[in-house]
Each structure stands twice: as structure tokens, then as C-alpha cells.
>>> print(open('input-v1.cif').read())   # mmCIF, C-alpha atoms
data_start
loop_
_atom_site.group_PDB
_atom_site.id
_atom_site.type_symbol
_atom_site.label_atom_id
_atom_site.label_comp_id
_atom_site.auth_asym_id
_atom_site.auth_seq_id
_atom_site.Cartn_x
_atom_site.Cartn_y
_atom_site.Cartn_z
ATOM 1 C CA MET A 1 0.000 0.000 0.000
ATOM 2 C CA GLU A 2 1.286 3.441 -0.888
ATOM 3 C CA GLU A 3 0.932 4.734 2.639
ATOM 4 C CA HIS A 4 3.422 2.199 3.893
ATOM 5 C CA ASN A 5 5.989 2.790 1.209
ATOM 6 C CA HIS A 6 6.093 6.551 1.345
ATOM 7 C CA GLY A 7 5.450 7.244 4.994
ATOM 8 C CA HIS A 8 7.519 10.416 5.005
ATOM 9 C CA ASP A 9 6.197 11.892 1.820
ATOM 10 C CA ALA A 10 3.735 14.675 2.480
ATOM 11 C CA HIS A 11 2.197 14.020 -0.931
ATOM 12 C CA THR A 12 1.424 10.374 -0.244
ATOM 13 C CA GLN A 13 -2.313 10.849 -0.393
ATOM 14 C CA VAL A 14 -2.150 12.080 -3.955
ATOM 15 C CA GLY A 15 -0.469 8.945 -5.245
ATOM 16 C CA ASP A 16 2.628 8.888 -7.375
ATOM 17 C CA SER A 17 3.313 11.574 -9.926
ATOM 18 C CA HIS A 18 2.310 9.464 -12.942
ATOM 19 C CA GLU A 19 -1.119 8.750 -11.491
ATOM 20 C CA MET A 20 -1.560 12.300 -10.369
ATOM 21 C CA THR A 21 -0.858 13.523 -13.875
ATOM 22 C CA SER A 22 -3.428 11.230 -15.432
ATOM 23 C CA TYR A 23 -6.166 12.171 -12.941
ATOM 24 C CA GLU A 24 -5.281 15.807 -13.296
ATOM 25 C CA LYS A 25 -5.564 15.502 -17.083
ATOM 26 C CA ARG A 26 -8.945 13.844 -16.873
ATOM 27 C CA ALA A 27 -10.168 16.535 -14.474
ATOM 28 C CA GLY A 28 -9.014 19.209 -16.923
ATOM 29 C CA ALA A 29 -10.647 17.452 -19.879
ATOM 30 C CA ILE A 30 -13.940 16.967 -18.029
ATOM 31 C CA LEU A 31 -14.035 20.544 -16.812
ATOM 32 C CA SER A 32 -13.310 22.013 -20.260
ATOM 33 C CA LEU A 33 -15.946 19.809 -21.943
ATOM 34 C CA LEU A 34 -18.598 20.651 -19.342
ATOM 35 C CA THR A 35 -17.870 24.359 -19.666
ATOM 36 C CA GLU A 36 -18.062 24.238 -23.491
ATOM 37 C CA LYS A 37 -21.382 22.424 -23.352
ATOM 38 C CA GLY A 38 -22.750 24.918 -20.850
ATOM 39 C CA VAL A 39 -23.330 22.227 -18.190
ATOM 40 C CA VAL A 40 -21.309 24.336 -15.757
ATOM 41 C CA ALA A 41 -20.095 27.905 -15.999
ATOM 42 C CA SER A 42 -16.529 28.671 -15.137
ATOM 43 C CA ASP A 43 -17.554 31.283 -12.560
ATOM 44 C CA GLU A 44 -19.756 28.733 -10.771
ATOM 45 C CA ILE A 45 -16.666 26.612 -10.254
ATOM 46 C CA TRP A 46 -14.649 29.592 -9.003
ATOM 47 C CA ARG A 47 -17.413 30.598 -6.607
ATOM 48 C CA ALA A 48 -17.504 27.071 -5.213
ATOM 49 C CA ILE A 49 -13.720 27.154 -4.773
ATOM 50 C CA ASP A 50 -13.936 30.529 -3.007
ATOM 51 C CA ASP A 51 -16.620 29.183 -0.707
ATOM 52 C CA MET A 52 -14.451 26.180 0.112
ATOM 53 C CA ASP A 53 -11.421 28.384 0.799
ATOM 54 C CA SER A 54 -13.427 30.723 3.017
ATOM 55 C CA ARG A 55 -14.398 28.025 5.515
ATOM 56 C CA THR A 56 -11.714 27.427 8.118
ATOM 57 C CA PRO A 57 -11.512 25.974 11.630
ATOM 58 C CA ALA A 58 -11.850 29.549 12.941
ATOM 59 C CA LEU A 59 -15.618 29.148 12.495
ATOM 60 C CA GLY A 60 -15.698 26.098 14.742
ATOM 61 C CA ALA A 61 -13.368 27.783 17.236
ATOM 62 C CA LYS A 62 -15.825 30.659 17.546
ATOM 63 C CA VAL A 63 -18.593 28.172 18.339
ATOM 64 C CA VAL A 64 -16.509 26.388 20.991
ATOM 65 C CA ALA A 65 -15.434 29.635 22.661
ATOM 66 C CA ARG A 66 -19.053 30.762 22.888
ATOM 67 C CA ALA A 67 -20.014 27.408 24.418
ATOM 68 C CA TRP A 68 -17.288 27.861 27.045
ATOM 69 C CA VAL A 69 -18.512 31.289 28.148
ATOM 70 C CA ASP A 70 -22.264 30.906 27.715
ATOM 71 C CA PRO A 71 -23.860 27.878 29.449
ATOM 72 C CA GLU A 72 -27.228 28.482 27.836
ATOM 73 C CA PHE A 73 -25.657 28.491 24.390
ATOM 74 C CA LYS A 74 -23.754 25.334 25.247
ATOM 75 C CA ALA A 75 -26.936 23.602 26.362
ATOM 76 C CA GLN A 76 -28.583 24.495 23.078
ATOM 77 C CA LEU A 77 -25.509 23.492 21.095
ATOM 78 C CA LEU A 78 -25.611 20.031 22.656
ATOM 79 C CA THR A 79 -29.334 19.514 22.155
ATOM 80 C CA ASP A 80 -30.092 21.391 18.930
ATOM 81 C CA THR A 81 -26.772 22.015 17.262
ATOM 82 C CA LYS A 82 -28.194 23.394 14.045
ATOM 83 C CA ALA A 83 -30.262 26.047 15.831
ATOM 84 C CA ALA A 84 -27.317 27.075 18.002
ATOM 85 C CA LEU A 85 -25.049 27.415 14.972
ATOM 86 C CA THR A 86 -27.656 29.452 13.131
ATOM 87 C CA GLU A 87 -27.917 31.763 16.137
ATOM 88 C CA LEU A 88 -24.185 32.368 15.848
ATOM 89 C CA ASP A 89 -24.535 33.020 12.102
ATOM 90 C CA VAL A 90 -22.576 29.919 11.245
ATOM 91 C CA ASP A 91 -24.049 28.654 8.001
ATOM 92 C CA ILE A 92 -23.954 24.869 7.898
ATOM 93 C CA GLY A 93 -24.615 24.862 4.169
ATOM 94 C CA SER A 94 -25.758 21.556 2.765
ATOM 95 C CA LEU A 95 -25.139 19.506 5.921
ATOM 96 C CA ASN A 96 -28.196 17.637 7.142
ATOM 97 C CA THR A 97 -27.381 17.053 10.782
ATOM 98 C CA VAL A 98 -24.523 18.317 12.911
ATOM 99 C CA VAL A 99 -24.087 16.888 16.397
ATOM 100 C CA ALA A 100 -21.898 18.554 19.013
ATOM 101 C CA LEU A 101 -20.064 16.216 21.395
ATOM 102 C CA GLU A 102 -18.769 17.553 24.691
ATOM 103 C CA ASN A 103 -15.438 16.352 26.047
ATOM 104 C CA THR A 104 -15.246 16.244 29.844
ATOM 105 C CA ASP A 105 -12.954 14.870 32.553
ATOM 106 C CA LYS A 106 -14.691 11.528 32.164
ATOM 107 C CA VAL A 107 -15.493 11.240 28.459
ATOM 108 C CA HIS A 108 -13.311 11.912 25.451
ATOM 109 C CA ASN A 109 -14.926 11.923 22.000
ATOM 110 C CA VAL A 110 -13.081 11.420 18.729
ATOM 111 C CA VAL A 111 -14.500 11.534 15.208
ATOM 112 C CA VAL A 112 -13.748 9.493 12.091
ATOM 113 C CA CYS A 113 -15.431 8.512 8.852
ATOM 114 C CA THR A 114 -14.478 4.884 8.242
ATOM 115 C CA LEU A 115 -16.294 4.692 4.908
ATOM 116 C CA CYS A 116 -15.041 7.871 3.267
ATOM 117 C CA SER A 117 -14.264 11.331 4.603
ATOM 118 C CA CYS A 118 -17.474 12.802 5.999
ATOM 119 C CA TYR A 119 -16.526 15.859 8.031
ATOM 120 C CA PRO A 120 -18.280 19.061 9.163
ATOM 121 C CA ARG A 121 -16.688 20.915 6.245
ATOM 122 C CA THR A 122 -18.885 23.960 6.391
ATOM 123 C CA ILE A 123 -17.742 24.583 9.996
ATOM 124 C CA LEU A 124 -14.122 23.357 9.903
ATOM 125 C CA GLY A 125 -13.128 23.688 6.252
ATOM 126 C CA VAL A 126 -11.728 20.760 4.288
ATOM 127 C CA PRO A 127 -10.484 17.822 6.351
ATOM 128 C CA PRO A 128 -6.747 17.318 6.867
ATOM 129 C CA ASP A 129 -5.090 14.646 4.719
ATOM 130 C CA TRP A 130 -4.624 12.296 7.672
ATOM 131 C CA TYR A 131 -8.378 12.316 8.374
ATOM 132 C CA LYS A 132 -8.933 10.932 4.875
ATOM 133 C CA SER A 133 -6.057 8.452 5.137
ATOM 134 C CA LEU A 134 -6.797 4.739 5.011
ATOM 135 C CA SER A 135 -4.750 4.222 8.201
ATOM 136 C CA TYR A 136 -6.709 6.660 10.365
ATOM 137 C CA ARG A 137 -10.021 5.357 9.037
ATOM 138 C CA SER A 138 -8.943 1.818 9.808
ATOM 139 C CA ARG A 139 -7.305 2.146 13.156
ATOM 140 C CA VAL A 140 -9.073 4.743 15.258
ATOM 141 C CA VAL A 141 -12.168 2.555 15.634
ATOM 142 C CA VAL A 142 -10.229 -0.461 16.949
ATOM 143 C CA ASP A 143 -7.439 1.245 18.897
ATOM 144 C CA PRO A 144 -8.468 4.815 19.672
ATOM 145 C CA ARG A 145 -6.089 5.195 22.613
ATOM 146 C CA GLY A 146 -3.152 4.019 20.520
ATOM 147 C CA VAL A 147 -4.047 6.418 17.712
ATOM 148 C CA LEU A 148 -4.459 9.317 20.144
ATOM 149 C CA ARG A 149 -1.060 8.464 21.611
ATOM 150 C CA GLU A 150 0.370 8.724 18.101
ATOM 151 C CA PHE A 151 -1.080 12.241 17.996
ATOM 152 C CA GLY A 152 0.644 12.991 21.305
ATOM 153 C CA LEU A 153 -2.459 12.672 23.453
ATOM 154 C CA GLU A 154 -2.166 10.264 26.371
ATOM 155 C CA LEU A 155 -5.531 9.801 28.072
ATOM 156 C CA ASP A 156 -6.029 8.680 31.655
ATOM 157 C CA PRO A 157 -7.071 5.006 31.721
ATOM 158 C CA ASP A 158 -10.288 5.927 33.554
ATOM 159 C CA VAL A 159 -11.401 8.348 30.844
ATOM 160 C CA GLU A 160 -13.989 6.729 28.593
ATOM 161 C CA VAL A 161 -13.209 7.081 24.893
ATOM 162 C CA ARG A 162 -16.101 7.286 22.457
ATOM 163 C CA VAL A 163 -15.446 7.059 18.734
ATOM 164 C CA TYR A 164 -18.089 8.532 16.443
ATOM 165 C CA ASP A 165 -18.246 7.269 12.869
ATOM 166 C CA SER A 166 -19.647 10.001 10.622
ATOM 167 C CA THR A 167 -22.012 9.434 7.745
ATOM 168 C CA ALA A 168 -23.102 11.500 4.783
ATOM 169 C CA ASP A 169 -26.064 12.607 6.888
ATOM 170 C CA ILE A 170 -24.567 13.089 10.364
ATOM 171 C CA ARG A 171 -21.401 15.120 11.024
ATOM 172 C CA TYR A 172 -19.838 15.633 14.434
ATOM 173 C CA LEU A 173 -18.134 18.584 16.095
ATOM 174 C CA VAL A 174 -16.167 17.915 19.271
ATOM 175 C CA ILE A 175 -16.354 20.583 21.981
ATOM 176 C CA PRO A 176 -13.008 20.190 23.749
ATOM 177 C CA SER A 177 -12.703 20.841 27.482
ATOM 178 C CA ARG A 178 -11.918 24.404 28.440
ATOM 179 C CA PRO A 179 -8.287 24.577 29.521
ATOM 180 C CA ALA A 180 -7.501 25.441 33.135
ATOM 181 C CA GLY A 181 -6.261 28.944 33.870
ATOM 182 C CA THR A 182 -8.511 30.652 31.314
ATOM 183 C CA GLU A 183 -11.036 32.204 33.710
ATOM 184 C CA ALA A 184 -10.017 35.749 32.761
ATOM 185 C CA ALA A 185 -9.653 35.159 29.032
ATOM 186 C CA THR A 186 -11.893 36.958 26.553
ATOM 187 C CA GLU A 187 -14.026 34.994 24.104
ATOM 188 C CA ASP A 188 -11.635 35.901 21.267
ATOM 189 C CA GLU A 189 -8.630 34.762 23.285
ATOM 190 C CA LEU A 190 -10.421 31.503 24.067
ATOM 191 C CA ALA A 191 -11.181 30.919 20.382
ATOM 192 C CA GLY A 192 -7.450 31.190 19.748
ATOM 193 C CA LEU A 193 -6.887 28.124 21.947
ATOM 194 C CA VAL A 194 -9.220 25.909 19.918
ATOM 195 C CA SER A 195 -7.335 23.998 17.238
ATOM 196 C CA ARG A 196 -8.851 22.064 14.357
ATOM 197 C CA ASP A 197 -7.508 18.819 15.828
ATOM 198 C CA SER A 198 -9.157 19.519 19.189
ATOM 199 C CA MET A 199 -12.518 19.744 17.384
ATOM 200 C CA ILE A 200 -11.917 16.337 15.762
ATOM 201 C CA GLY A 201 -10.907 14.947 19.139
ATOM 202 C CA VAL A 202 -7.275 14.005 18.486
ATOM 203 C CA ALA A 203 -5.946 16.858 20.627
ATOM 204 C CA MET A 204 -6.911 18.957 23.640
ATOM 205 C CA ALA A 205 -7.505 22.686 23.388
ATOM 206 C CA SER A 206 -4.199 24.480 23.982
ATOM 207 C CA ALA A 207 -3.245 25.799 27.392
ATOM 208 C CA PRO A 208 -3.028 29.604 27.516
ATOM 209 C CA GLY A 209 0.351 31.071 26.653
ATOM 210 C CA LYS A 210 1.425 28.023 24.661
ATOM 211 C CA MET B 1 -16.913 -11.658 5.681
ATOM 212 C CA ASP B 2 -16.390 -10.186 2.273
ATOM 213 C CA ARG B 3 -15.608 -6.523 2.690
ATOM 214 C CA ARG B 4 -15.920 -3.760 0.151
ATOM 215 C CA VAL B 5 -12.777 -1.754 -0.411
ATOM 216 C CA HIS B 6 -14.061 1.498 1.091
ATOM 217 C CA ASP B 7 -15.159 -0.159 4.342
ATOM 218 C CA ARG B 8 -11.931 0.566 6.211
ATOM 219 C CA GLY B 9 -12.934 0.375 9.876
ATOM 220 C CA GLY B 10 -10.606 -2.147 11.537
ATOM 221 C CA TRP B 11 -8.896 -2.999 8.217
ATOM 222 C CA PRO B 12 -6.040 -5.240 9.324
ATOM 223 C CA GLU B 13 -3.082 -3.980 7.286
ATOM 224 C CA ALA B 14 -3.236 -0.358 8.358
ATOM 225 C CA GLY B 15 0.106 1.196 9.259
ATOM 226 C CA PRO B 16 1.128 4.394 11.010
ATOM 227 C CA ILE B 17 -0.865 7.516 10.206
ATOM 228 C CA ASN B 18 0.939 9.866 7.870
ATOM 229 C CA ARG B 19 0.291 13.355 9.222
ATOM 230 C CA GLY B 20 1.940 15.148 6.328
ATOM 231 C CA GLN B 21 -0.275 17.756 4.745
ATOM 232 C CA HIS B 22 -0.290 18.975 1.149
ATOM 233 C CA ASP B 23 -1.981 22.101 -0.124
ATOM 234 C CA LEU B 24 -4.768 21.133 -2.465
ATOM 235 C CA ALA B 25 -3.733 21.514 -6.112
ATOM 236 C CA LEU B 26 -5.992 23.535 -8.393
ATOM 237 C CA TRP B 27 -7.306 20.413 -10.134
ATOM 238 C CA GLU B 28 -8.227 18.940 -6.731
ATOM 239 C CA LYS B 29 -10.171 22.063 -5.800
ATOM 240 C CA GLN B 30 -11.813 22.050 -9.235
ATOM 241 C CA THR B 31 -12.786 18.410 -8.795
ATOM 242 C CA ASP B 32 -14.317 19.162 -5.401
ATOM 243 C CA ALA B 33 -16.117 22.186 -6.847
ATOM 244 C CA LEU B 34 -17.399 20.185 -9.831
ATOM 245 C CA HIS B 35 -19.156 17.729 -7.559
ATOM 246 C CA ARG B 36 -20.636 20.463 -5.393
ATOM 247 C CA VAL B 37 -21.870 22.494 -8.351
ATOM 248 C CA LEU B 38 -23.262 19.505 -10.276
ATOM 249 C CA SER B 39 -25.029 18.055 -7.237
ATOM 250 C CA GLY B 40 -26.092 21.436 -5.914
ATOM 251 C CA PRO B 41 -29.136 23.687 -6.302
ATOM 252 C CA GLY B 42 -30.271 24.263 -9.865
ATOM 253 C CA LYS B 43 -28.344 21.299 -11.307
ATOM 254 C CA HIS B 44 -29.177 18.216 -9.238
ATOM 255 C CA LYS B 45 -27.285 15.898 -11.573
ATOM 256 C CA TRP B 46 -26.725 13.523 -8.691
ATOM 257 C CA ARG B 47 -26.735 13.281 -4.907
ATOM 258 C CA VAL B 48 -23.757 12.810 -2.637
ATOM 259 C CA ASP B 49 -24.776 9.178 -2.066
ATOM 260 C CA GLU B 50 -24.404 8.549 -5.793
ATOM 261 C CA LEU B 51 -20.899 9.988 -5.767
ATOM 262 C CA ARG B 52 -20.130 7.650 -2.891
ATOM 263 C CA ARG B 53 -21.585 4.668 -4.729
ATOM 264 C CA ALA B 54 -19.364 5.497 -7.709
ATOM 265 C CA ILE B 55 -16.306 5.857 -5.438
ATOM 266 C CA GLU B 56 -17.104 2.599 -3.675
ATOM 267 C CA SER B 57 -17.301 0.787 -7.026
ATOM 268 C CA ILE B 58 -13.661 1.526 -7.812
ATOM 269 C CA GLY B 59 -11.498 -1.602 -7.816
ATOM 270 C CA ARG B 60 -9.265 -2.219 -4.826
ATOM 271 C CA ASP B 61 -5.898 -1.430 -6.429
ATOM 272 C CA GLU B 62 -7.083 1.796 -7.918
ATOM 273 C CA TYR B 63 -8.973 2.746 -4.756
ATOM 274 C CA GLU B 64 -5.777 2.454 -2.751
ATOM 275 C CA SER B 65 -3.467 4.164 -5.247
ATOM 276 C CA ALA B 66 -5.627 6.887 -6.778
ATOM 277 C CA GLY B 67 -5.475 9.287 -3.861
ATOM 278 C CA TYR B 68 -8.483 11.147 -2.571
ATOM 279 C CA TYR B 69 -9.362 13.399 -5.500
ATOM 280 C CA GLY B 70 -8.213 10.757 -7.976
ATOM 281 C CA ARG B 71 -11.088 8.674 -6.611
ATOM 282 C CA TRP B 72 -13.408 11.658 -6.843
ATOM 283 C CA ILE B 73 -12.672 12.531 -10.463
ATOM 284 C CA THR B 74 -12.968 8.853 -11.412
ATOM 285 C CA ALA B 75 -16.377 8.730 -9.744
ATOM 286 C CA ILE B 76 -17.494 12.016 -11.319
ATOM 287 C CA GLU B 77 -16.523 10.650 -14.734
ATOM 288 C CA THR B 78 -18.529 7.471 -14.050
ATOM 289 C CA LEU B 79 -21.615 9.512 -13.162
ATOM 290 C CA LEU B 80 -21.280 11.863 -16.162
ATOM 291 C CA VAL B 81 -20.974 8.898 -18.532
ATOM 292 C CA GLU B 82 -23.861 7.012 -16.889
ATOM 293 C CA ARG B 83 -26.076 10.020 -17.330
ATOM 294 C CA GLY B 84 -25.030 10.583 -20.927
ATOM 295 C CA ILE B 85 -23.729 14.070 -20.156
ATOM 296 C CA LEU B 86 -20.280 13.172 -21.519
ATOM 297 C CA SER B 87 -19.005 10.074 -23.283
ATOM 298 C CA ARG B 88 -15.856 8.193 -22.359
ATOM 299 C CA GLU B 89 -14.603 8.702 -25.919
ATOM 300 C CA GLU B 90 -14.876 12.468 -25.910
ATOM 301 C CA ILE B 91 -13.058 12.655 -22.569
ATOM 302 C CA ASP B 92 -10.307 10.384 -23.945
ATOM 303 C CA ARG B 93 -10.117 12.536 -27.069
ATOM 304 C CA ARG B 94 -9.862 15.753 -25.056
ATOM 305 C CA VAL B 95 -7.063 14.271 -22.948
ATOM 306 C CA GLU B 96 -5.222 13.283 -26.153
ATOM 307 C CA ASP B 97 -5.754 16.718 -27.693
ATOM 308 C CA THR B 98 -4.314 18.345 -24.593
ATOM 309 C CA ASP B 99 -1.319 15.975 -24.748
ATOM 310 C CA GLU B 100 -0.784 16.978 -28.376
ATOM 311 C CA GLN B 101 -0.809 20.667 -27.525
ATOM 312 C CA VAL B 102 1.757 20.156 -24.815
ATOM 313 C CA LYS B 103 4.161 18.342 -27.170
#
>>> encode(input="input-v1.cif", output="C-alpha cells")
Amino acid sequence: MEEHNHGHDAHTQVGDSHEMTSYEKRAGAILSLLTEKGVVASDEIWRAIDDMDSRTPALGAKVVARAWVDPEFKAQLLTDTKAALTELDVDIGSLNTVVALENTDKVHNVVVCTLCSCYPRTILGVPPDWYKSLSYRSRVVVDPRGVLREFGLELDPDVEVRVYDSTADIRYLVIPSRPAGTEAATEDELAGLVSRDSMIGVAMASAPGK
Amino acid sequence: MDRRVHDRGGWPEAGPINRGQHDLALWEKQTDALHRVLSGPGKHKWRVDELRRAIESIGRDEYESAGYYGRWITAIETLLVERGILSREEIDRRVEDTDEQVK
């Protein structure tokens, strides 16, 4: 498998250069034919690319920070995620159902899509390459603690780990625990502590000053 | 149990997770955009489940070597051909024409 042979190559997920060239060529051919036939307009494609580029984990971080400072918002986020996100003007786009999962001292949630790459893209942007990798999809459901250790996260043995497998219809957003020592932090400062990985569940939110 | 190639949960041969990240190439973004535009409002050429079905029908070797957007563009091509929007031949021809221009 390619992932084993080229473990240190950041471009592993794309395949080798020959294959990449042939897929790239077919993509170019398909796009030019569809544009000529008027099936798609070039500016529709650019708008979709702009929309994709505009969505980043900062959106999710804003949601988490609000949940940390506003218990009522958090309660709503955990029971009716869509409504809470709408209230915060976070557009979930074409996603059907988004479920927020709260990490606590006793429960740690981590998200995967074993079948493909389902991810709350409209809130976190495109998924990282590792999330789409065959290894992560395979392993996190059978050995979550081992995988988290690989990400540098050692969980207490008495913390329960729950792995959520996403589907096309249900996407998950992890609400990491609020780091200690942040009582005086502003909402914006708190948002700065919330990494993409902490909202997938493979990391904790950062401690202040780190 | 006979498993389909996309059904990776607990797949036995999985190795370490490569955490390297690449910036999406333009063709990868275009491929992503193509699916969203064609399945989106006003077009409705297919639904996301149909893209997945087309991805999941890719043979094992290609599934594992194509890379993420390689699988996507392969699936998009399958759906376009199935629906008669494009033919395999005209895509092949366009690829050849582009090769000629580059030479």
C-alpha cells in the first residue's frame, strides 16, 4: 500500500506523480468539456472554490469559545446544534445534521469517517489529509487510545473514549474541554486556543500562553 | 466476511498515520467544486450518495493508489458517462488533444 511505502512523503495521499498527472488531465478534460457544453459555468466553479477556501476551523473555534462562556448556548448546542449554529450566524450549508459532542474529565470523543471522509466541512473547512487516510479510518475505531497516543495525546485510563463514525447525513463537532487557567480570558482569546484537531478529538484545546 | 474496499474500519493492514499535509492543487479544488456544483441547487445531476456509490465501485488497487481526488474525479466521470452528459470517448479525445498541444 502506498501509505506504507512513502510514509515520510507529504504528498502520499495524492499517489505517485504518474497517477496524479493522469487524474489531473482527466479533471481538466472533463471541466473544459462541461464548460463548453454549458453544463457548468466557469464562474460557478470559481465561486464554489472561493466558498471552500473561506471556511476554516476559525468558524468552529468561535462556536466552541461561545459554548465555554455561555452555558445556555452550550446547552442548546448540545441539544439542537443546528439552531445554536444558526444563532451564531454559522451557516452549515448543505449539511443535514450536525451533532456537538462535549469532552469532559470523564469522556473523550473522537470523530472518524471509516467509509469515506465525511466531516463538518462547512464549519471546519476541508479535512486534513490524515483524516482521509486509510490508516486513520482503519485504526481509530479499533485502537483509539493508541491512535491518540500517536497524535501525542495520552488519556487517563479511567477516561472513557467514544469514537463517532460520521455518515453523509450526520457530522460531528467535538467541543473540547476548556483549559484550566482561562477564567479571565476573553471569548476571542479563548477561540485562539481551539485547534482544528481539538474539534476532531485528536488533541486537547491548547493551554493559555502556549 | 467479504468486505468492500471502502469499508476501512478495523482494516487489518493499516500502518502508522501519515500526518503530512499537502496544499490542495488547483485540479483537486476544481474536482471538489465540480461535484458540489453539479449536485447542488439548480443542477441536481446527482446526490452525494451517488458519488459515494461510484467511489465505492472503484477496484481495490485503484482505490488504494488513486489518492483522494483521484477517486473523486474517477467517480465524477462514471456519473457523467452514466447520465449521458459526456461520453468516455470524448473525454479520452480531449485528454489526447491536450497531450498533443503540450508536445
>>> atom_distance(input="input-v1.cif", atom1="atom CA of Asp51 of chain A", atom2="atom CA of Lys37 of chain A")
24.1 Å
>>> residues_around(input="input-v1.cif", residues="Glu150 of chain A", least_positions_apart="2", cutoff="12 Å", atoms="only C-alpha atoms", output="NGL selection string")
(:A and (136 or 139-140 or 143-148 or 152-155 or 202-203)) or (:B and (15-19))
>>> interface_residues(input="input-v1.cif", of="chain B", to="chain A", cutoff="7 Å", atoms="all atoms listed in the file", output="PyMOL selection string")
chain B and resi 6-11+14-22+27+29-31+33-34+37+64-68+70+73+91+94-95
>>> resolve_selection(input="input-v1.cif", expression="the PyMOL selection byres ((chain A and resi 178-192) around 6)", output="short mmCIF file (atom, residue, chain, number, x, y, z; two decimals) with C-alpha atoms, keeping the file's coordinate frame")
data_model
loop_
_atom_site.label_atom_id
_atom_site.label_comp_id
_atom_site.auth_asym_id
_atom_site.auth_seq_id
_atom_site.Cartn_x
_atom_site.Cartn_y
_atom_site.Cartn_z
CA ALA A 61 -13.37 27.78 17.24
CA LYS A 62 -15.82 30.66 17.55
CA ALA A 65 -15.43 29.64 22.66
CA SER A 177 -12.70 20.84 27.48
CA LEU A 193 -6.89 28.12 21.95
CA VAL A 194 -9.22 25.91 19.92
CA ALA A 207 -3.24 25.80 27.39
#
>>> atom_distance(input="input-v1.cif", atom1="atom CA of Pro127 of chain A", atom2="atom CA of Ala84 of chain A")
22.5 Å
>>> atom_distance(input="input-v1.cif", atom1="atom CA of Asp158 of chain A", atom2="atom CA of Pro12 of chain B")
27.0 Å
>>> residues_around(input="input-v1.cif", residues="Leu78 of chain A", least_positions_apart="6", cutoff="12 Å", atoms="only C-alpha atoms", output="number ranges by chain")
A: 63-64, 67, 71-72, 84-85, 98-103, 172-175
>>> resolve_selection(input="input-v1.cif", expression="the PyMOL selection byres ((chain A and resi 120) around 8)", output="ChimeraX atom specification")
/A:95,98,118-119,121-125,171-173
>>> closest_residue(input="input-v1.cif", among="B:Glu89, B:Ile76, B:Trp46, B:Gln101", to="Ile58 of chain B", atoms="all atoms listed in the file")
B:Ile76
>>> axis_aligned_box(input="input-v1.cif", around="segment 109-120 of chain A", padding_each_side="6 Å", output="AutoDock Vina command-line options")
--center_x -15.7 --center_y 11.9 --center_z 12.6 --size_x 17.2 --size_y 26.4 --size_z 30.7
>>> decode(input="input-v1.cif", residues="segment 169-183 of chain A", atoms="N, CA, C and O atoms", output="PDB file, in the first residue's frame")
ATOM      1  N   ASP A 169     -24.973  11.831   6.310  1.00  0.00           N
ATOM      2  CA  ASP A 169     -26.064  12.607   6.888  1.00  0.00           C
ATOM      3  C   ASP A 169     -25.761  13.203   8.254  1.00  0.00           C
ATOM      4  O   ASP A 169     -26.376  14.181   8.645  1.00  0.00           O
ATOM      5  N   ILE A 170     -24.856  12.585   9.010  1.00  0.00           N
ATOM      6  CA  ILE A 170     -24.567  13.089  10.364  1.00  0.00           C
ATOM      7  C   ILE A 170     -23.086  13.421  10.507  1.00  0.00           C
ATOM      8  O   ILE A 170     -22.235  12.551  10.327  1.00  0.00           O
ATOM      9  N   ARG A 171     -22.786  14.684  10.825  1.00  0.00           N
ATOM     10  CA  ARG A 171     -21.401  15.120  11.024  1.00  0.00           C
ATOM     11  C   ARG A 171     -21.253  15.546  12.489  1.00  0.00           C
ATOM     12  O   ARG A 171     -22.193  16.051  13.089  1.00  0.00           O
ATOM     13  N   TYR A 172     -20.061  15.352  13.019  1.00  0.00           N
ATOM     14  CA  TYR A 172     -19.838  15.633  14.434  1.00  0.00           C
ATOM     15  C   TYR A 172     -18.821  16.748  14.645  1.00  0.00           C
ATOM     16  O   TYR A 172     -17.837  16.856  13.910  1.00  0.00           O
ATOM     17  N   LEU A 173     -19.064  17.540  15.681  1.00  0.00           N
ATOM     18  CA  LEU A 173     -18.134  18.584  16.095  1.00  0.00           C
ATOM     19  C   LEU A 173     -17.819  18.348  17.569  1.00  0.00           C
ATOM     20  O   LEU A 173     -18.722  18.337  18.408  1.00  0.00           O
ATOM     21  N   VAL A 174     -16.548  18.136  17.875  1.00  0.00           N
ATOM     22  CA  VAL A 174     -16.167  17.915  19.271  1.00  0.00           C
ATOM     23  C   VAL A 174     -15.981  19.271  19.957  1.00  0.00           C
ATOM     24  O   VAL A 174     -15.357  20.180  19.404  1.00  0.00           O
ATOM     25  N   ILE A 175     -16.575  19.393  21.156  1.00  0.00           N
ATOM     26  CA  ILE A 175     -16.354  20.583  21.981  1.00  0.00           C
ATOM     27  C   ILE A 175     -15.299  20.198  23.016  1.00  0.00           C
ATOM     28  O   ILE A 175     -15.601  19.506  23.987  1.00  0.00           O
ATOM     29  N   PRO A 176     -14.057  20.595  22.805  1.00  0.00           N
ATOM     30  CA  PRO A 176     -13.008  20.190  23.749  1.00  0.00           C
ATOM     31  C   PRO A 176     -13.238  20.824  25.122  1.00  0.00           C
ATOM     32  O   PRO A 176     -13.979  21.801  25.247  1.00  0.00           O
ATOM     33  N   SER A 177     -12.597  20.254  26.142  1.00  0.00           N
ATOM     34  CA  SER A 177     -12.703  20.841  27.482  1.00  0.00           C
ATOM     35  C   SER A 177     -12.006  22.199  27.512  1.00  0.00           C
ATOM     36  O   SER A 177     -10.968  22.379  26.870  1.00  0.00           O
ATOM     37  N   ARG A 178     -12.554  23.092  28.291  1.00  0.00           N
ATOM     38  CA  ARG A 178     -11.918  24.404  28.440  1.00  0.00           C
ATOM     39  C   ARG A 178     -10.658  24.261  29.274  1.00  0.00           C
ATOM     40  O   ARG A 178     -10.683  23.692  30.369  1.00  0.00           O
ATOM     41  N   PRO A 179      -9.543  24.757  28.774  1.00  0.00           N
ATOM     42  CA  PRO A 179      -8.287  24.577  29.521  1.00  0.00           C
ATOM     43  C   PRO A 179      -8.328  25.326  30.854  1.00  0.00           C
ATOM     44  O   PRO A 179      -8.999  26.360  30.982  1.00  0.00           O
ATOM     45  N   ALA A 180      -7.601  24.783  31.833  1.00  0.00           N
ATOM     46  CA  ALA A 180      -7.501  25.441  33.135  1.00  0.00           C
ATOM     47  C   ALA A 180      -6.739  26.760  32.979  1.00  0.00           C
ATOM     48  O   ALA A 180      -5.938  26.927  32.047  1.00  0.00           O
ATOM     49  N   GLY A 181      -7.003  27.680  33.882  1.00  0.00           N
ATOM     50  CA  GLY A 181      -6.261  28.944  33.870  1.00  0.00           C
ATOM     51  C   GLY A 181      -6.764  29.941  32.846  1.00  0.00           C
ATOM     52  O   GLY A 181      -6.052  30.867  32.467  1.00  0.00           O
ATOM     53  N   THR A 182      -7.998  29.738  32.341  1.00  0.00           N
ATOM     54  CA  THR A 182      -8.511  30.652  31.314  1.00  0.00           C
ATOM     55  C   THR A 182      -9.700  31.461  31.806  1.00  0.00           C
ATOM     56  O   THR A 182     -10.452  32.018  31.027  1.00  0.00           O
ATOM     57  N   GLU A 183      -9.852  31.536  33.145  1.00  0.00           N
ATOM     58  CA  GLU A 183     -11.036  32.204  33.710  1.00  0.00           C
ATOM     59  C   GLU A 183     -11.138  33.664  33.262  1.00  0.00           C
ATOM     60  O   GLU A 183     -12.225  34.184  33.035  1.00  0.00           O
TER      61      GLU A 183
END
